[in-house]
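File shown: model_26.txt (compact mmCIF, C-alpha atoms and all ligand atoms).
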# COMPACT_ATOMS: atom_id res chain seq x y z
CA MET A 11 -15.81 0.46 -14.42
CA THR A 12 -19.14 -0.95 -13.26
CA THR A 13 -19.31 -4.40 -11.73
CA PRO A 14 -22.90 -5.67 -11.51
CA LEU A 15 -23.90 -8.24 -8.94
CA PRO A 16 -23.88 -11.52 -10.92
CA ASP A 17 -27.45 -12.71 -11.66
CA ARG A 18 -26.44 -16.21 -10.70
CA GLY A 19 -23.78 -17.19 -8.22
CA ARG A 20 -20.60 -18.40 -9.87
CA PRO A 21 -18.82 -21.68 -9.08
CA ALA A 22 -16.18 -21.33 -6.34
CA ASP A 23 -13.35 -22.58 -8.59
CA GLU A 24 -14.19 -20.06 -11.28
CA VAL A 25 -14.31 -17.18 -8.78
CA PHE A 26 -11.04 -18.15 -7.21
CA ALA A 27 -9.40 -18.60 -10.63
CA ASP A 28 -10.21 -14.95 -11.43
CA GLN A 29 -8.64 -13.79 -8.21
CA THR A 30 -5.60 -15.98 -8.70
CA GLU A 31 -5.03 -14.45 -12.11
CA TRP A 32 -5.38 -10.89 -10.80
CA HIS A 33 -3.22 -11.67 -7.77
CA SER A 34 -0.39 -12.85 -10.04
CA GLU A 35 -0.02 -9.23 -11.21
CA ASP A 36 0.54 -7.93 -7.66
CA ILE A 37 4.00 -7.38 -6.20
CA ASP A 38 6.02 -10.59 -5.78
CA TRP A 39 6.86 -10.17 -2.10
CA ARG A 40 7.77 -13.84 -1.71
CA GLY A 41 10.46 -13.26 -4.30
CA GLY A 42 11.89 -10.43 -2.16
CA ARG A 43 10.75 -7.68 -4.55
CA ALA A 44 8.88 -5.60 -1.96
CA PHE A 45 10.71 -3.60 0.70
CA SER A 46 7.78 -2.35 2.74
CA LEU A 47 4.15 -3.47 3.04
CA VAL A 48 5.11 -7.10 3.78
CA TYR A 49 7.60 -8.38 6.36
CA ASN A 50 8.71 -11.67 4.87
CA ALA A 51 9.78 -13.92 7.73
CA ASP A 52 10.96 -16.57 5.25
CA ASP A 53 9.72 -19.21 7.64
CA PRO A 54 7.49 -21.95 6.13
CA SER A 55 6.50 -23.51 9.47
CA LEU A 56 5.44 -20.12 10.84
CA GLU A 57 3.46 -19.41 7.70
CA GLU A 58 1.72 -22.78 7.83
CA LEU A 59 0.77 -22.17 11.45
CA GLN A 60 -0.62 -18.73 10.55
CA HIS A 61 -2.76 -20.22 7.79
CA ARG A 62 -4.15 -22.82 10.20
CA VAL A 63 -4.87 -20.24 12.89
CA ALA A 64 -6.46 -17.85 10.40
CA ALA A 65 -8.76 -20.59 9.13
CA ALA A 66 -9.74 -21.56 12.68
CA TYR A 67 -10.56 -17.98 13.70
CA LEU A 68 -11.81 -16.66 10.36
CA HIS A 69 -15.43 -16.15 11.46
CA GLU A 70 -15.01 -15.17 15.10
CA ASN A 71 -15.57 -11.59 16.28
CA ALA A 72 -13.52 -10.00 19.04
CA LEU A 73 -16.20 -7.32 19.60
CA ASN A 74 -17.80 -9.19 22.48
CA PRO A 75 -15.21 -10.52 24.95
CA PHE A 76 -17.83 -12.39 26.96
CA VAL A 77 -18.46 -15.00 24.27
CA TYR A 78 -14.87 -15.50 23.13
CA PRO A 79 -12.78 -16.13 26.23
CA SER A 80 -10.03 -17.62 24.07
CA LEU A 81 -9.63 -14.27 22.26
CA VAL A 82 -9.61 -12.33 25.51
CA ARG A 83 -6.91 -14.61 26.82
CA MET A 84 -4.78 -14.33 23.68
CA GLU A 85 -5.12 -10.55 23.45
CA GLU A 86 -4.17 -10.20 27.11
CA GLU A 87 -1.17 -12.45 26.64
CA VAL A 88 0.06 -10.62 23.53
CA VAL A 89 -0.21 -7.32 25.41
CA ALA A 90 1.54 -8.83 28.44
CA VAL A 91 4.46 -10.05 26.30
CA ALA A 92 4.85 -6.59 24.77
CA ALA A 93 4.56 -4.97 28.19
CA GLY A 94 7.26 -7.30 29.50
CA LEU A 95 9.58 -6.42 26.61
CA PHE A 96 9.03 -2.68 27.07
CA GLY A 97 8.98 -2.60 30.88
CA THR A 98 5.42 -1.87 31.97
CA ASP A 99 2.34 -3.37 33.66
CA PRO A 100 1.19 -6.51 31.76
CA ARG A 101 -2.43 -5.27 31.80
CA ALA A 102 -1.69 -1.76 30.57
CA GLY A 103 -2.70 -2.00 26.93
CA THR A 104 -4.80 -3.44 24.12
CA MET A 105 -4.25 -4.80 20.66
CA ALA A 106 -5.23 -2.69 17.67
CA SER A 107 -5.55 -3.29 13.95
CA GLY A 108 -2.25 -1.63 13.04
CA GLY A 109 0.14 1.17 13.77
CA THR A 110 -2.29 3.83 12.66
CA GLU A 111 -4.98 2.66 15.08
CA SER A 112 -2.48 2.32 17.95
CA ILE A 113 -1.28 5.87 17.28
CA PHE A 114 -4.86 7.11 17.00
CA LEU A 115 -5.62 5.59 20.42
CA ALA A 116 -2.50 7.11 21.99
CA VAL A 117 -3.33 10.57 20.60
CA HIS A 118 -6.92 10.21 21.81
CA THR A 119 -5.70 9.20 25.28
CA ALA A 120 -3.46 12.28 25.34
CA ARG A 121 -6.39 14.48 24.30
CA GLU A 122 -8.57 13.12 27.10
CA HIS A 123 -5.71 13.41 29.59
CA ALA A 124 -5.14 17.04 28.58
CA ARG A 125 -8.84 17.84 28.83
CA SER A 126 -8.88 16.40 32.34
CA ARG A 127 -6.18 18.98 33.16
CA GLY A 128 -8.41 21.75 31.77
CA VAL A 129 -6.76 22.12 28.34
CA THR A 130 -9.51 23.13 25.92
CA ASP A 131 -7.67 22.99 22.57
CA PRO A 132 -5.11 20.18 22.86
CA GLY A 133 -2.29 19.74 20.35
CA ILE A 134 0.73 17.53 19.74
CA VAL A 135 4.38 18.32 19.04
CA ILE A 136 6.19 15.93 16.70
CA ALA A 137 9.25 15.81 14.48
CA SER A 138 8.93 16.26 10.71
CA THR A 139 9.90 12.59 10.33
CA ALA A 140 7.05 11.22 12.52
CA HIS A 141 4.62 9.00 10.65
CA PRO A 142 1.63 10.68 8.93
CA ALA A 143 -0.65 8.57 11.16
CA PHE A 144 -0.17 11.28 13.84
CA SER A 145 -1.43 13.98 11.46
CA LYS A 146 -4.34 11.74 10.52
CA ALA A 147 -5.23 11.18 14.18
CA VAL A 148 -5.03 14.90 14.93
CA HIS A 149 -7.25 15.57 11.92
CA TYR A 150 -9.89 13.05 13.00
CA LEU A 151 -9.77 14.10 16.64
CA GLY A 152 -10.10 17.84 16.04
CA MET A 153 -6.69 18.64 17.53
CA HIS A 154 -3.73 20.57 16.15
CA GLU A 155 -0.12 19.61 15.56
CA THR A 156 3.24 21.31 15.31
CA ARG A 157 5.77 19.49 13.14
CA VAL A 158 9.31 20.50 14.06
CA PRO A 159 12.31 20.16 11.69
CA VAL A 160 14.83 17.45 12.62
CA GLY A 161 18.50 18.13 13.42
CA PRO A 162 21.43 17.49 11.05
CA ASP A 163 21.51 13.85 12.25
CA LEU A 164 17.91 13.51 10.99
CA LYS A 165 16.69 12.84 14.54
CA ALA A 166 14.05 14.86 16.39
CA ASP A 167 15.58 18.04 17.77
CA PRO A 168 14.60 18.22 21.48
CA GLU A 169 15.43 21.91 21.81
CA ALA A 170 13.24 22.83 18.88
CA MET A 171 10.49 20.58 20.20
CA ALA A 172 10.69 22.13 23.67
CA ALA A 173 10.37 25.57 22.07
CA ALA A 174 7.21 24.42 20.27
CA VAL A 175 5.53 23.09 23.42
CA GLY A 176 2.90 25.38 24.93
CA PRO A 177 0.20 25.26 27.59
CA ASP A 178 -2.17 23.41 25.24
CA THR A 179 0.30 20.66 24.33
CA ALA A 180 -1.14 17.24 25.15
CA LEU A 181 1.53 14.98 23.69
CA VAL A 182 5.13 14.96 22.53
CA VAL A 183 6.30 12.14 20.29
CA GLY A 184 9.51 10.33 19.42
CA SER A 185 10.01 7.52 16.91
CA ALA A 186 12.04 4.37 17.49
CA PRO A 187 12.96 4.42 14.68
CA CYS A 188 11.32 6.80 12.19
CA TYR A 189 10.31 5.35 8.84
CA PRO A 190 12.08 7.73 6.40
CA PHE A 191 15.66 7.39 7.71
CA GLY A 192 15.63 4.54 10.26
CA VAL A 193 17.09 6.68 13.06
CA ILE A 194 15.94 6.58 16.68
CA ASP A 195 14.88 9.92 18.15
CA PRO A 196 16.47 11.02 21.47
CA ILE A 197 13.68 9.59 23.63
CA PRO A 198 15.11 10.60 27.06
CA GLU A 199 15.33 14.25 26.02
CA ILE A 200 11.85 14.20 24.46
CA ALA A 201 10.37 12.47 27.53
CA ALA A 202 12.03 15.09 29.76
CA ILE A 203 10.13 17.78 27.85
CA ALA A 204 6.92 15.90 28.67
CA VAL A 205 7.80 15.68 32.36
CA ALA A 206 8.69 19.38 32.52
CA ASN A 207 5.41 20.39 30.87
CA ASP A 208 3.03 17.83 32.40
CA THR A 209 2.19 16.32 29.01
CA LEU A 210 2.15 12.72 27.84
CA CYS A 211 4.97 11.27 25.73
CA HIS A 212 4.37 8.63 23.06
CA VAL A 213 7.11 6.51 21.52
CA ASP A 214 6.18 5.29 18.05
CA ALA A 215 7.90 1.90 18.04
CA CYS A 216 5.58 0.52 15.38
CA LEU A 217 8.74 -0.51 13.52
CA GLY A 218 11.18 -1.06 16.38
CA GLY A 219 8.94 -2.50 19.10
CA TRP A 220 9.32 -6.09 17.95
CA LEU A 221 12.94 -5.78 16.82
CA LEU A 222 14.87 -3.43 19.14
CA PRO A 223 14.54 -5.72 22.20
CA PHE A 224 16.29 -8.45 20.19
CA TRP A 225 18.64 -6.07 18.38
CA GLU A 226 20.00 -5.20 21.79
CA ARG A 227 20.33 -8.87 22.74
CA ILE A 228 22.46 -9.59 19.65
CA GLY A 229 24.88 -6.88 20.72
CA GLU A 230 23.76 -3.92 18.62
CA PRO A 231 23.74 -0.48 20.21
CA VAL A 232 20.20 0.57 21.13
CA PRO A 233 19.69 3.93 22.85
CA PRO A 234 17.04 4.13 25.61
CA TRP A 235 13.58 4.14 24.05
CA ASN A 236 11.03 2.31 26.25
CA PHE A 237 9.38 2.65 29.69
CA GLU A 238 12.79 2.58 31.38
CA VAL A 239 12.88 6.22 30.31
CA GLU A 240 11.09 8.39 32.82
CA GLY A 241 8.27 10.34 31.19
CA VAL A 242 7.45 7.86 28.40
CA THR A 243 3.72 7.22 28.84
CA SER A 244 2.75 5.10 25.83
CA ILE A 245 4.33 2.93 23.14
CA SER A 246 2.91 1.57 19.88
CA ALA A 247 4.45 -1.60 18.43
CA ASP A 248 3.17 -3.50 15.40
CA VAL A 249 3.11 -7.28 15.61
CA HIS A 250 2.38 -7.24 11.87
CA LYS A 251 5.77 -5.65 11.18
CA TYR A 252 8.88 -7.16 12.83
CA GLY A 253 6.65 -9.33 15.04
CA TYR A 254 6.06 -11.35 11.81
CA CYS A 255 2.29 -11.73 12.19
CA PHE A 256 0.12 -11.15 9.14
CA LYS A 257 -1.71 -7.83 8.79
CA GLY A 258 -4.07 -6.47 11.40
CA ALA A 259 -2.02 -6.79 14.59
CA SER A 260 -0.52 -4.00 16.69
CA VAL A 261 -0.16 -3.28 20.39
CA ILE A 262 -0.65 -0.01 22.29
CA VAL A 263 0.69 -0.06 25.85
CA TYR A 264 0.75 2.56 28.60
CA ARG A 265 2.91 3.28 31.60
CA ASP A 266 0.06 2.27 33.89
CA GLU A 267 -3.21 0.42 33.53
CA PRO A 268 -5.60 3.29 34.44
CA MET A 269 -4.26 5.30 31.49
CA LYS A 270 -5.73 2.64 29.21
CA HIS A 271 -9.20 3.53 30.48
CA HIS A 272 -9.12 6.70 28.36
CA GLN A 273 -9.62 4.30 25.44
CA TYR A 274 -12.87 2.88 26.80
CA PHE A 275 -16.11 3.92 25.16
CA ILE A 276 -19.26 2.96 27.05
CA PHE A 277 -22.75 3.84 25.76
CA ASP A 278 -25.84 2.93 27.75
CA ASP A 279 -28.65 4.86 26.05
CA TRP A 280 -29.51 2.39 23.33
CA PRO A 281 -32.42 -0.06 22.93
CA GLY A 282 -29.80 -2.75 22.33
CA GLY A 283 -28.48 -2.32 25.84
CA LEU A 284 -25.02 -1.37 27.08
CA TYR A 285 -22.34 -1.04 24.40
CA GLY A 286 -18.70 -1.06 25.39
CA SER A 287 -15.52 -1.02 23.35
CA ALA A 288 -11.81 -0.41 24.04
CA THR A 289 -10.57 0.39 20.54
CA THR A 290 -11.90 2.31 17.55
CA ALA A 291 -13.42 -0.66 15.72
CA GLY A 292 -16.72 -2.25 16.64
CA THR A 293 -16.55 -5.68 15.08
CA ARG A 294 -12.95 -6.80 15.34
CA PRO A 295 -11.41 -9.57 13.23
CA ALA A 296 -10.24 -12.40 15.46
CA ALA A 297 -7.66 -13.96 13.16
CA PRO A 298 -4.95 -11.29 13.70
CA ILE A 299 -5.30 -11.61 17.48
CA ALA A 300 -5.07 -15.39 17.37
CA ALA A 301 -2.24 -15.30 14.85
CA ALA A 302 -0.28 -12.71 16.85
CA TRP A 303 -0.46 -14.99 19.87
CA ALA A 304 0.48 -18.07 17.85
CA THR A 305 3.36 -16.27 16.11
CA ILE A 306 4.82 -15.04 19.39
CA GLN A 307 4.51 -18.47 20.97
CA HIS A 308 5.97 -20.25 17.94
CA LEU A 309 8.95 -17.94 17.52
CA GLY A 310 9.75 -17.33 21.17
CA LEU A 311 12.79 -15.37 22.30
CA ASP A 312 15.20 -17.65 20.44
CA GLY A 313 13.20 -17.33 17.20
CA TYR A 314 13.06 -13.53 17.38
CA ILE A 315 16.78 -13.39 18.15
CA ALA A 316 17.59 -15.67 15.21
CA LYS A 317 15.49 -13.49 12.88
CA ALA A 318 17.11 -10.32 14.26
CA GLU A 319 20.50 -11.78 13.35
CA VAL A 320 19.40 -12.49 9.79
CA VAL A 321 17.90 -9.00 9.47
CA ARG A 322 21.05 -7.38 10.86
CA ASP A 323 23.43 -9.37 8.64
CA THR A 324 21.29 -8.83 5.56
CA THR A 325 20.99 -5.10 6.26
CA ARG A 326 24.78 -4.89 6.47
CA ARG A 327 25.20 -6.71 3.16
CA PHE A 328 22.81 -4.27 1.48
CA GLN A 329 24.47 -1.25 3.04
CA ALA A 330 28.03 -2.36 2.23
CA GLY A 331 26.98 -3.15 -1.35
CA ILE A 332 25.30 0.21 -1.81
CA GLU A 333 28.23 2.16 -0.37
CA ALA A 334 30.55 0.26 -2.76
CA ILE A 335 28.68 1.57 -5.83
CA ASP A 336 30.16 4.87 -7.05
CA GLY A 337 27.64 7.68 -7.27
CA ILE A 338 25.18 6.68 -4.55
CA HIS A 339 25.25 6.89 -0.76
CA ILE A 340 23.17 6.03 2.30
CA THR A 341 21.43 8.98 3.96
CA GLY A 342 22.54 9.70 7.53
CA GLU A 343 23.37 6.92 9.97
CA PRO A 344 20.48 4.46 10.15
CA GLN A 345 20.29 2.53 13.42
CA MET A 346 18.13 -0.46 12.60
CA SER A 347 17.12 -2.26 9.43
CA LEU A 348 15.64 0.46 7.21
CA PHE A 349 17.30 3.31 5.41
CA GLU A 350 17.28 5.67 2.47
CA PHE A 351 19.90 5.87 -0.26
CA ALA A 352 20.31 8.55 -2.90
CA ALA A 353 22.42 9.60 -5.86
CA ASP A 354 25.33 11.88 -4.96
CA ASP A 355 24.54 14.28 -7.79
CA SER A 356 20.85 15.12 -7.92
CA PRO A 357 17.35 13.95 -7.03
CA ASP A 358 16.67 13.53 -10.76
CA ILE A 359 19.36 10.88 -10.95
CA THR A 360 17.91 9.14 -7.88
CA GLY A 361 14.57 9.11 -9.69
CA ALA A 362 16.15 7.75 -12.88
CA ILE A 363 17.82 4.95 -10.87
CA GLY A 364 14.42 4.17 -9.35
CA ASP A 365 12.93 3.95 -12.87
CA VAL A 366 15.45 1.28 -13.92
CA MET A 367 14.85 -0.63 -10.67
CA ASP A 368 11.09 -0.46 -11.36
CA ASP A 369 11.67 -1.88 -14.83
CA ARG A 370 13.61 -4.74 -13.27
CA GLY A 371 10.67 -5.58 -11.01
CA TRP A 372 11.83 -4.05 -7.70
CA LYS A 373 9.43 -2.01 -5.59
CA LEU A 374 11.41 0.61 -3.68
CA ASP A 375 9.50 3.34 -1.88
CA ARG A 376 10.37 6.71 -3.39
CA GLN A 377 10.94 9.41 -0.80
CA ASN A 378 11.50 13.12 -1.38
CA GLY A 379 15.27 12.71 -1.14
CA GLY A 380 15.95 9.12 -2.14
CA LEU A 381 14.88 5.50 -2.39
CA HIS A 382 13.88 3.52 0.70
CA LEU A 383 14.74 -0.03 1.76
CA MET A 384 13.37 -1.96 4.72
CA ILE A 385 14.93 -5.35 5.25
CA SER A 386 13.14 -8.57 6.23
CA PRO A 387 14.63 -12.07 6.63
CA GLY A 388 13.34 -13.01 3.14
CA HIS A 389 15.67 -10.44 1.57
CA ALA A 390 18.73 -12.51 2.51
CA ARG A 391 18.07 -14.52 -0.65
CA ILE A 392 18.13 -11.63 -3.09
CA VAL A 393 20.88 -9.25 -1.88
CA ASP A 394 23.28 -10.12 -4.69
CA THR A 395 20.69 -9.90 -7.48
CA PHE A 396 19.45 -6.60 -6.09
CA LEU A 397 22.95 -5.11 -5.90
CA GLU A 398 23.76 -6.26 -9.45
CA ASP A 399 20.59 -4.58 -10.72
CA LEU A 400 21.33 -1.45 -8.69
CA ALA A 401 24.89 -1.20 -10.05
CA TYR A 402 23.43 -1.59 -13.55
CA ALA A 403 20.81 1.09 -12.84
CA VAL A 404 23.41 3.57 -11.54
CA ALA A 405 25.61 3.03 -14.60
CA ASN A 406 22.90 2.91 -17.27
CA HIS A 407 19.93 5.06 -16.27
CA GLY A 408 18.44 7.63 -18.64
CA ASP A 409 16.48 10.75 -17.76
CA THR A 410 14.05 10.55 -14.85
CA ARG A 411 10.43 9.88 -15.70
CA GLY A 412 9.51 12.16 -12.82
CA VAL A 413 7.63 9.59 -10.72
CA ALA A 414 6.50 11.43 -7.57
CA ALA A 415 7.61 10.37 -4.08
CA GLY A 416 4.81 8.60 -2.24
CA TYR A 417 3.77 6.07 0.35
CA GLY A 418 0.32 4.58 0.50
CA GLY A 419 -2.21 6.23 -1.80
CA VAL A 420 -5.80 6.77 -2.82
CA VAL A 421 -7.32 5.64 -6.12
C1 LIG B 1 7.15 4.36 12.19
C2 LIG B 1 5.77 3.97 11.76
N1 LIG B 1 4.71 4.32 12.51
C3 LIG B 1 3.46 4.01 12.17
C4 LIG B 1 3.18 3.32 11.03
C5 LIG B 1 1.76 3.03 10.65
O1 LIG B 1 1.49 1.66 10.70
P1 LIG B 1 0.28 0.99 9.89
O2 LIG B 1 0.60 1.18 8.44
O3 LIG B 1 0.32 -0.43 10.36
O4 LIG B 1 -0.98 1.66 10.26
C6 LIG B 1 4.25 2.92 10.21
C7 LIG B 1 4.01 2.18 8.96
O5 LIG B 1 4.93 1.87 8.23
C8 LIG B 1 5.57 3.26 10.57
O6 LIG B 1 6.62 2.93 9.81

Since I need it in another form, could you write the structure as C-alpha cells?
Amino acid sequence: MTTPLPDRGRPADEVFADQTEWHSEDIDWRGGRAFSLVYNADDPSLEELQHRVAAAYLHENALNPFVYPSLVRMEEEVVAVAAGLFGTDPRAGTMASGGTESIFLAVHTAREHARSRGVTDPGIVIASTAHPAFSKAVHYLGMHETRVPVGPDLKADPEAMAAAVGPDTALVVGSAPCYPFGVIDPIPEIAAIAVANDTLCHVDACLGGWLLPFWERIGEPVPPWNFEVEGVTSISADVHKYGYCFKGASVIVYRDEPMKHHQYFIFDDWPGGLYGSATTAGTRPAAPIAAAWATIQHLGLDGYIAKAEVVRDTTRRFQAGIEAIDGIHITGEPQMSLFEFAADDSPDITGAIGDVMDDRGWKLDRQNGGLHLMISPGHARIVDTFLEDLAYAVANHGDTRGVAAGYGGVV
C-alpha cells in the first residue's frame, strides 16, 4: 500500500474522522476485552487528569534538563517514590520509556560493571521465563546469554543458574513475577549467586514493582524480592503497567547512586558542544514523565491499595471460575494477578478454545502451553460474561485453527 503525501492539507475534522473510524476496529480495552497491552484502571478522574497533563506537556522535551526544571523535579520524585517502595537511595535511578528500556539500561550497566572488573566478553544468566527484552538487550549490546530451564514450580532454578554462571557472567536475573506464569522467582537464592560470583543481580519487577508493595499491604504473601535482599543491585518497574500511567513510563533503580552513572553518556567532540544523556533516547517525550508523577500523586498509597484489592478480588473470581469449568486448569501456582490456563487434554484443544474466545471478541495472549490472562481493575466488570463465554468455548469448540503462540509482533 502506498500513501502519498496529500497535495493539499486536509481539514482537521476530516483527518480525525478517518482515525476515529480506524480506531474503532482496534481492541476494545475499555470494554475489558484486552488482557495485556493496556492496564485499565477503571478510574475516570485519573483518566481525566492524565488527559489534562498529557495536553499540558505534549510538546515539551525531556532531553535537556536545564530548560525544563519541572520535568527534572517530576522525574526525580517518581524515582524517589519507587526507591522508597523498593528500599534504596532516592537518587539511585532514572525513568525510562518502558520495561524494555529499563532492562536494556540494567544490562548495559552490568556490562560496564563487568568490563571494569576486567571481563572482556560479558554475558547474562537468566531463566527460560525471563522476558525477551533481556535477549534483545544482549543482542544489541554484543553480549551473550544463557537461558536456564525453570524448576517444576515454573520458577527460576537457582542451582541450575549457579551452574551456568562463569567468570564472564556480568548479571543474573530474577523476575517478580515472570510474565508467562505469574510466579515470583526465588530472588534471595539468585542474589546469593551474584554475591558469590561478584556479579550484578537484576530483579525484573516491570509487572510487580507497582503492585507487590501494595499486595503485601493487603495481606497477600509476597516473598522477598527487592533491595532488602542482599545482592540485588537493580530493579525495573513499569509505571505504565500496575502504576496505571499511560504508555511510556518505567523506572530503573539501583542499589546505590554511583551505579546509575554507568548509564551516563557524555560526548564532547561535537561542533554542537557537550552532549549528555542518561538513557538510550535523545529526545524524550515529557508527557509520560509528567503523567507518571500526576498518577502517583493522585492515587497515593490509599489509591494503590484500593486498586490492589480490586485486582486481587477480580483475579480470584477469574481463577475460581476457570477451575470450576471441567476440562481446563490453571498452570502452576500464580502468585500475583496474571496466569496461564490450559485444556487438560491437549494443546490443540487449548487452541480451539482460544479460537472460540477470539470469535467472541476476547483478546487472550496465546502462549506455547495455554492462554494468558492479566487482570486489571477494569476486568471486575466483565468476569461473569468472560466465564460464560469460556464455559461455552470449552463445551462447543471445533478443531483448532492452529493460530501460533505469540506476543508482540512485526508486520
Ligand atoms: C515481566 C516483564 N518484563 C518486561 C516487560 C517489557 O516491558 P515493555 O513492554 O514495557 O517494554 C514486560 C512486558 O510485558 C514484562 O511482562

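Restricting the atom set to all atoms listed in the file, one finds that the residues within 7 Å of ligand LIG 1 (chain B) amount to Gly108, Gly109, Thr110, Glu111, Ala140, His141, Ala143, Ser185, Pro187, Cys188, Tyr189, Asp214, Ala215, Cys216, Leu217 and Asp248 of chain A.
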
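If all atoms listed in the file are the atoms counted, then among A:Phe26, A:Phe256, A:Phe114, A:Trp39 the closest residue to A:Glu58 is A:Phe256.
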
Handout entry: Within 10 Å of stretch 219-232 of chain A using all atoms listed in the file, minus same-chain residues under 3 positions, as a PyMOL selection string
Key = chain A and resi 92+95-96+186-187+194+213-216+235-236+245-254+260-261+311-319+321-322+345-347

Exercise for the section: Measure the distance from atom CA of A:Phe144 to atom CA of A:Ala120 in Å and round it to one decimal. Expected result: 12.0 Å

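Taking atom CA of A:Ser244 and atom CA of A:Ala259 as the two end points, the separation is 17.0 Å.
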
Practice task
Considering all atoms listed in the file, return as a list in words whatever protein or nucleic-acid residues lie within 7 Å of stretch 158-162 of chain A, sequence-local ones (same chain, fewer than 2 positions apart) excluded.
Solution key: Ile136, Ala137, Ser138, Thr156, Leu164, Lys165, Ala166, Asp167, Ala170 and Met171 of chain A

Practice task
Could you give me, as a PyMOL selection string, the residues within 8 Å of A:Tyr67, counting all atoms listed in the file and dropping anything in the same chain fewer than 5 positions from it?
Solution key: chain A and resi 296-297+300

Tell me, as a CSV table (one decimal) with C-alpha atoms, in the frame of the given file, which residues lie within 10 Å of A:Ile299, counting all atoms listed in the file; anything in the same chain fewer than 5 positions away does not count.
chain,number,residue,atom,x,y,z
A,63,VAL,CA,-4.9,-20.2,12.9
A,64,ALA,CA,-6.5,-17.8,10.4
A,67,TYR,CA,-10.6,-18.0,13.7
A,72,ALA,CA,-13.5,-10.0,19.0
A,81,LEU,CA,-9.6,-14.3,22.3
A,82,VAL,CA,-9.6,-12.3,25.5
A,83,ARG,CA,-6.9,-14.6,26.8
A,84,MET,CA,-4.8,-14.3,23.7
A,85,GLU,CA,-5.1,-10.6,23.4
A,86,GLU,CA,-4.2,-10.2,27.1
A,88,VAL,CA,0.1,-10.6,23.5
A,105,MET,CA,-4.2,-4.8,20.7
A,106,ALA,CA,-5.2,-2.7,17.7
A,107,SER,CA,-5.6,-3.3,14.0
A,249,VAL,CA,3.1,-7.3,15.6
A,255,CYS,CA,2.3,-11.7,12.2
A,256,PHE,CA,0.1,-11.2,9.1
A,258,GLY,CA,-4.1,-6.5,11.4
A,259,ALA,CA,-2.0,-6.8,14.6
A,260,SER,CA,-0.5,-4.0,16.7
A,294,ARG,CA,-13.0,-6.8,15.3
A,304,ALA,CA,0.5,-18.1,17.8
A,305,THR,CA,3.4,-16.3,16.1

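Going from atom CA of A:Pro142 over to atom CA of A:Tyr417, you cover 10.0 Å.
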
Practice task
May I have the residues within 6 Å of A:Leu383 as an MDAnalysis selection string, using only C-alpha atoms and disregarding those fewer than 3 positions away in the same chain?
Solution key: chainID A and resid 45 348:349

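Among A:Ile203, A:Met269, A:Ile37, A:Leu151, the residue with the shortest atom-to-atom distance to A:Ala102, counting all atoms listed in the file, is A:Met269.
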
With the cut-off set at 12 Å and counting only C-alpha atoms, tabulate each residue of stretch 17-38 of chain A with an atom at most that distance from an atom of stretch 356-373 of chain A, showing the nearest atom pair and its distance in Å to one decimal, ordered by chain and increasing number, as a tab-separated table.
residue	atom	partner	partner_atom	distance
A:Glu35	CA	A:Gly371	CA	11.3
A:Asp36	CA	A:Lys373	CA	10.9
A:Ile37	CA	A:Lys373	CA	7.7
A:Asp38	CA	A:Gly371	CA	8.6

Practice task
Find the residues with any atom within 6 Å of (-4.2, 7.5, 24.7); use all atoms listed in the file and the coordinates as given in the file, and write the answer as an NGL selection string.
Solution key: :A and (115-120)

Around all listed atoms of stretch 150-161 of chain A, padded 5 Å per side, what centre and edge lengths does the axis-aligned box have in Å to one decimal, as JSON?
{"center_x": 4.2, "center_y": 17.2, "center_z": 14.6, "size_x": 38.6, "size_y": 18.3, "size_z": 15.8}

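Among the candidate residues A:Val135, A:Leu47, A:Val175, A:Ile200, the one lying nearest to A:Arg157 is A:Val135, with distances computed using only C-alpha atoms.
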
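Distance annotation: of A:Gly380, A:Ala401, A:Gly97, A:Ser145, the residue with the minimal separation from A:Val242 is A:Gly97; atom set is all atoms listed in the file.
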
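If you measure from each of A:Tyr49, A:Tyr264, A:Phe328, A:Phe351 to A:Ile392 using all atoms listed in the file, the closest one turns out to be A:Phe328.
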
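If all atoms listed in the file are the atoms counted, then among A:His61, A:His123, A:His382, A:His69 the closest residue to A:Gln273 is A:His123.
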
Would you kindly place N, CA, C and O atoms on stretch 262-268 of chain A and return the model as a compact mmCIF listing (two decimals), in the frame of the given file?
# COMPACT_ATOMS: atom_id res chain seq x y z
N ILE A 262 -0.86 -1.32 21.65
CA ILE A 262 -0.65 -0.01 22.29
C ILE A 262 -0.58 -0.27 23.79
O ILE A 262 -1.48 -0.87 24.36
N VAL A 263 0.54 0.15 24.40
CA VAL A 263 0.69 -0.06 25.85
C VAL A 263 1.02 1.26 26.54
O VAL A 263 1.64 2.15 25.95
N TYR A 264 0.59 1.34 27.80
CA TYR A 264 0.75 2.56 28.60
C TYR A 264 1.64 2.31 29.80
O TYR A 264 1.88 1.16 30.19
N ARG A 265 2.07 3.41 30.41
CA ARG A 265 2.91 3.28 31.60
C ARG A 265 2.13 2.65 32.75
O ARG A 265 2.69 1.91 33.55
N ASP A 266 0.83 2.94 32.83
CA ASP A 266 0.06 2.27 33.89
C ASP A 266 -1.32 1.91 33.35
O ASP A 266 -1.80 2.48 32.36
N GLU A 267 -1.95 0.98 34.01
CA GLU A 267 -3.21 0.42 33.53
C GLU A 267 -4.34 1.44 33.49
O GLU A 267 -5.09 1.50 32.50
N PRO A 268 -4.50 2.32 34.50
CA PRO A 268 -5.60 3.29 34.44
C PRO A 268 -5.56 4.19 33.19
O PRO A 268 -6.60 4.62 32.68
